[in-house]
Amino acid sequence: AAEPTAVRALARRLEAARSPVMVAGPEIDASGAWELGVALAERQRLPVWATPAPGGGRIGFPEGHPQFRGVLPPAIGPAGQTLAGHDLILVVGSSVFPYYPHIPGPALADGSELVAITNDPDEAARAPVGDALVADVRLTLDALLDELADDTRRPLPEPLGDPPPVQDTTPMDPGSVHGTLAALLPDDAIVVLESPSSTLSLRNRLRISRPGSYYFGSSGGLGFGLAAAIGVQLAEPDRPVVCVLGEGSAQYAITGMWTAAAYGVPVTFLVLRNSEYAILKWFAQLEGVEGAPGLELPALDTAAVAQGYGVRSDRVEGRDALHGALEAALGSSDPRLVEVGVTPGMSLF
């Protein structure tokens, strides 16, 4: 647990802050502190951002909560700009911060201070700014709540608006694919995600709000999702698991399809086929690189490959066909794969 005098000092800083904000990271879920994080945000009326997606191996705060503001941008300058205007930034259970592309800028705006609560001393040492309490996240939040008064008069943050409506186009945009999934996803479902170019659109559409319901490769690299989904389903046999993949991501562990079929592991695999390596095209644009080779995937048929391993697969186009195929897959007791064509490029909503 954190040293008591350090917890008391943090409580006084929170109470005295004019406009504090909380950034929720994966250690909240991993340490069993989900309800404590919600209680802290509600008692102090804190707006809550999720840590940038590349380091968010789990979700640390219910994303359907009215105080949730979204996912921080995964780059130095944009993240600092997003948090500008807050005099105290409380980072709970995350590094400071997990970045992806190099977009420089101030890590914090003038007038902002930062305190991180983390159980990882290496992450505390690497943080470029702020102070840190290195201790178990759940125990520290529990102690902090005991120290905080209940009478804050800060206004509640404005809630996020509703997600955009699902568009019926062919090919669909990735956000509409995730919106279709959101309409069908059971409340107790678990999502394992490895679709780099549509990660933010999934988070913005699904707004997952239960602990232990989201898993992501927190290094930002590829090859985690397909195999992890099978492991998560074996560990949680009473909850439906949906693995969301790009057709390129699926190839890193495609032999896992054999495992799912051979052992009857009832994962629903949703593959978004954009016929390109979209995340690397985005990086190329950021770096001003034109015509980088090897980023087109025009002949990749993941549904046929999965079928060859023994997983029943559907290749669909459009909203109605996707809805029907997903509904059948989610209701199945066997592994199923649904592959849908989507528009190319990055998708945020």
# chains A, B, ... in the order shown; residues from 1 in each chain; ligands from 1

$ residues_around --residues "range 342-347 of chain A" --least-positions-apart "2" --cutoff "6 Å" --atoms "only C-alpha atoms" --output "VMD selection string"
chain A and resid 171 to 174 197 to 198 201 273 to 274 278 349

$ write_last_selection --atoms "N, CA, C and O atoms" --output "short mmCIF file (atom, residue, chain, number, x, y, z; two decimals), in the first residue's frame"
data_model
loop_
_atom_site.label_atom_id
_atom_site.label_comp_id
_atom_site.auth_asym_id
_atom_site.auth_seq_id
_atom_site.Cartn_x
_atom_site.Cartn_y
_atom_site.Cartn_z
N PRO A 171 -18.75 -0.80 -49.60
CA PRO A 171 -18.43 -1.42 -48.32
C PRO A 171 -18.81 -0.52 -47.14
O PRO A 171 -18.96 0.69 -47.30
N MET A 172 -18.97 -1.14 -45.98
CA MET A 172 -19.26 -0.39 -44.77
C MET A 172 -18.02 0.35 -44.29
O MET A 172 -16.90 -0.05 -44.58
N ASP A 173 -18.23 1.44 -43.55
CA ASP A 173 -17.10 2.04 -42.85
C ASP A 173 -16.90 1.28 -41.53
O ASP A 173 -17.85 0.71 -40.99
N PRO A 174 -15.67 1.20 -41.01
CA PRO A 174 -15.42 0.40 -39.81
C PRO A 174 -16.28 0.80 -38.62
O PRO A 174 -16.70 -0.06 -37.85
N SER A 197 -6.33 -0.03 -37.24
CA SER A 197 -6.87 1.14 -37.91
C SER A 197 -8.28 1.49 -37.47
O SER A 197 -8.79 2.55 -37.81
N SER A 198 -8.94 0.61 -36.69
CA SER A 198 -10.29 0.93 -36.21
C SER A 198 -10.44 0.79 -34.70
O SER A 198 -11.54 0.71 -34.19
N SER A 201 -12.50 3.67 -33.22
CA SER A 201 -13.92 3.61 -33.58
C SER A 201 -14.64 2.53 -32.79
O SER A 201 -15.79 2.70 -32.40
N ARG A 273 -12.07 -6.45 -43.37
CA ARG A 273 -11.19 -6.58 -44.54
C ARG A 273 -11.14 -5.26 -45.28
O ARG A 273 -12.09 -4.86 -45.95
N ASN A 274 -10.02 -4.55 -45.16
CA ASN A 274 -9.86 -3.28 -45.88
C ASN A 274 -8.86 -3.37 -47.03
O ASN A 274 -8.57 -2.38 -47.70
N ALA A 278 -3.42 -0.66 -43.22
CA ALA A 278 -3.84 0.74 -43.04
C ALA A 278 -2.99 1.48 -42.02
O ALA A 278 -2.68 2.67 -42.21
N PHE A 349 -14.35 7.10 -35.61
CA PHE A 349 -15.72 7.02 -35.13
C PHE A 349 -16.55 6.04 -35.95
O PHE A 349 -17.57 5.61 -35.61
#

$ residues_around --residues "Asp131 in chain A" --least-positions-apart "2" --cutoff "8 Å" --atoms "only C-alpha atoms" --output "VMD selection string"
chain A and resid 114 to 116 129 133

$ write_last_selection --atoms "N, CA and C atoms" --output "PDB file, in the first residue's frame"
ATOM      1  N   LEU A 114       0.959  16.746 -12.445  1.00  0.00           N
ATOM      2  CA  LEU A 114       0.548  15.357 -12.664  1.00  0.00           C
ATOM      3  C   LEU A 114       1.023  14.483 -11.512  1.00  0.00           C
ATOM      4  N   VAL A 115       0.144  13.584 -11.081  1.00  0.00           N
ATOM      5  CA  VAL A 115       0.496  12.564 -10.095  1.00  0.00           C
ATOM      6  C   VAL A 115       0.033  11.221 -10.650  1.00  0.00           C
ATOM      7  N   ALA A 116       0.926  10.233 -10.655  1.00  0.00           N
ATOM      8  CA  ALA A 116       0.583   8.891 -11.126  1.00  0.00           C
ATOM      9  C   ALA A 116       0.540   7.924  -9.952  1.00  0.00           C
ATOM     10  N   VAL A 129       7.262  13.449 -16.707  1.00  0.00           N
ATOM     11  CA  VAL A 129       6.754  14.555 -15.890  1.00  0.00           C
ATOM     12  C   VAL A 129       6.043  13.990 -14.667  1.00  0.00           C
ATOM     13  N   LEU A 133       3.094   7.738  -6.933  1.00  0.00           N
ATOM     14  CA  LEU A 133       2.937   6.857  -5.780  1.00  0.00           C
ATOM     15  C   LEU A 133       3.073   5.441  -6.324  1.00  0.00           C
TER      16      LEU A 133
END

$ closest_atom_pairs --of "range 196-281 of chain A" --to "range 94-98 of chain A" --cutoff "12 Å" --atoms "only C-alpha atoms" --output "JSON lines"
{"residue": "A:Ser218", "atom": "CA", "partner": "A:Pro98", "partner_atom": "CA", "distance": 8.7}
{"residue": "A:Ser219", "atom": "CA", "partner": "A:Pro98", "partner_atom": "CA", "distance": 8.7}
{"residue": "A:Gly220", "atom": "CA", "partner": "A:Pro98", "partner_atom": "CA", "distance": 9.2}

$ write_last_selection --atoms "C-alpha atoms" --output "CSV table (one decimal), in the first residue's frame"
chain,number,residue,atom,x,y,z
A,218,SER,CA,-0.7,-3.1,-24.9
A,219,SER,CA,2.7,-3.0,-26.7
A,220,GLY,CA,0.9,-1.7,-29.8

$ select_by_dssp --residues "range 51-277 of chain A" --states "alpha helix (DSSP H)" --output "PyMOL selection string"
chain A and resi 76-82+121-126+137-147+174-184+199-206+225-235+247-250+256-262

$ residues_around --residues "Pro74 in chain A" --least-positions-apart "3" --cutoff "6 Å" --atoms "only C-alpha atoms" --output "PDB file with all heavy atoms, in the first residue's frame"
ATOM      1  N   PRO A  52      -4.027   6.385 -23.453  1.00  0.00           N
ATOM      2  CA  PRO A  52      -3.962   6.146 -24.900  1.00  0.00           C
ATOM      3  C   PRO A  52      -4.049   4.664 -25.252  1.00  0.00           C
ATOM      4  O   PRO A  52      -3.459   3.810 -24.583  1.00  0.00           O
ATOM      5  CB  PRO A  52      -2.615   6.750 -25.289  1.00  0.00           C
ATOM      6  CG  PRO A  52      -2.421   7.864 -24.301  1.00  0.00           C
ATOM      7  CD  PRO A  52      -2.979   7.339 -23.016  1.00  0.00           C
ATOM      8  N   TYR A  99       2.685   6.112 -25.925  1.00  0.00           N
ATOM      9  CA  TYR A  99       2.578   6.845 -27.188  1.00  0.00           C
ATOM     10  C   TYR A  99       2.761   5.887 -28.366  1.00  0.00           C
ATOM     11  O   TYR A  99       3.246   4.769 -28.200  1.00  0.00           O
ATOM     12  CB  TYR A  99       3.624   7.952 -27.245  1.00  0.00           C
ATOM     13  CG  TYR A  99       3.519   8.966 -26.139  1.00  0.00           C
ATOM     14  CD1 TYR A  99       4.592   9.213 -25.287  1.00  0.00           C
ATOM     15  CD2 TYR A  99       2.344   9.681 -25.933  1.00  0.00           C
ATOM     16  CE1 TYR A  99       4.501  10.157 -24.265  1.00  0.00           C
ATOM     17  CE2 TYR A  99       2.248  10.624 -24.928  1.00  0.00           C
ATOM     18  CZ  TYR A  99       3.326  10.859 -24.090  1.00  0.00           C
ATOM     19  OH  TYR A  99       3.228  11.781 -23.089  1.00  0.00           O
ATOM     20  N   TYR A 100       2.401   6.354 -29.559  1.00  0.00           N
ATOM     21  CA  TYR A 100       2.504   5.511 -30.761  1.00  0.00           C
ATOM     22  C   TYR A 100       3.272   6.265 -31.843  1.00  0.00           C
ATOM     23  O   TYR A 100       4.474   6.105 -31.944  1.00  0.00           O
ATOM     24  CB  TYR A 100       1.090   5.090 -31.186  1.00  0.00           C
ATOM     25  CG  TYR A 100       1.015   3.793 -31.954  1.00  0.00           C
ATOM     26  CD1 TYR A 100       1.779   2.686 -31.600  1.00  0.00           C
ATOM     27  CD2 TYR A 100       0.144   3.659 -33.019  1.00  0.00           C
ATOM     28  CE1 TYR A 100       1.700   1.493 -32.296  1.00  0.00           C
ATOM     29  CE2 TYR A 100       0.056   2.471 -33.731  1.00  0.00           C
ATOM     30  CZ  TYR A 100       0.835   1.383 -33.358  1.00  0.00           C
ATOM     31  OH  TYR A 100       0.744   0.215 -34.058  1.00  0.00           O
TER      32      TYR A 100
END

$ residues_around --residues "range 149-151 of chain A" --least-positions-apart "3" --cutoff "8 Å" --atoms "only C-alpha atoms" --output "PyMOL selection string"
chain A and resi 15+43-44

$ select_by_dssp --residues "range 69-142 of chain A" --states "strand (DSSP E)" --output "list in words"
Arg69, Gly70, Val71, Leu88, Ile89, Leu90, Val91, Val92, Glu113, Leu114, Val115, Ala116, Ile117, Thr118, Asp131, Ala132, Leu133 and Val134 of chain A

$ residues_around --residues "range 305-310 of chain A" --least-positions-apart "4" --cutoff "9 Å" --atoms "only C-alpha atoms" --output "number ranges by chain"
A: 254-262, 300-301, 336-337

$ atom_distance --atom1 "CA of Gln81 in chain A" --atom2 "CA of Leu108 in chain A"
7.5 Å

$ residues_around --residues "Ile190 in chain A" --least-positions-apart "5" --cutoff "10 Å" --atoms "only C-alpha atoms" --output "PyMOL selection string"
chain A and resi 185+208+210-215+229+232-233+236+239-243+267

$ atom_distance --atom1 "CA of Gly80 in chain A" --atom2 "CA of Ala24 in chain A"
15.6 Å

$ atom_distance --atom1 "CA of Asp162 in chain A" --atom2 "CA of Phe61 in chain A"
17.8 Å

$ closest_residue --among "A:Gly231, A:Gly324, A:Pro157, A:Gly341" --to "Glu247 in chain A" --atoms "only C-alpha atoms"
A:Gly341
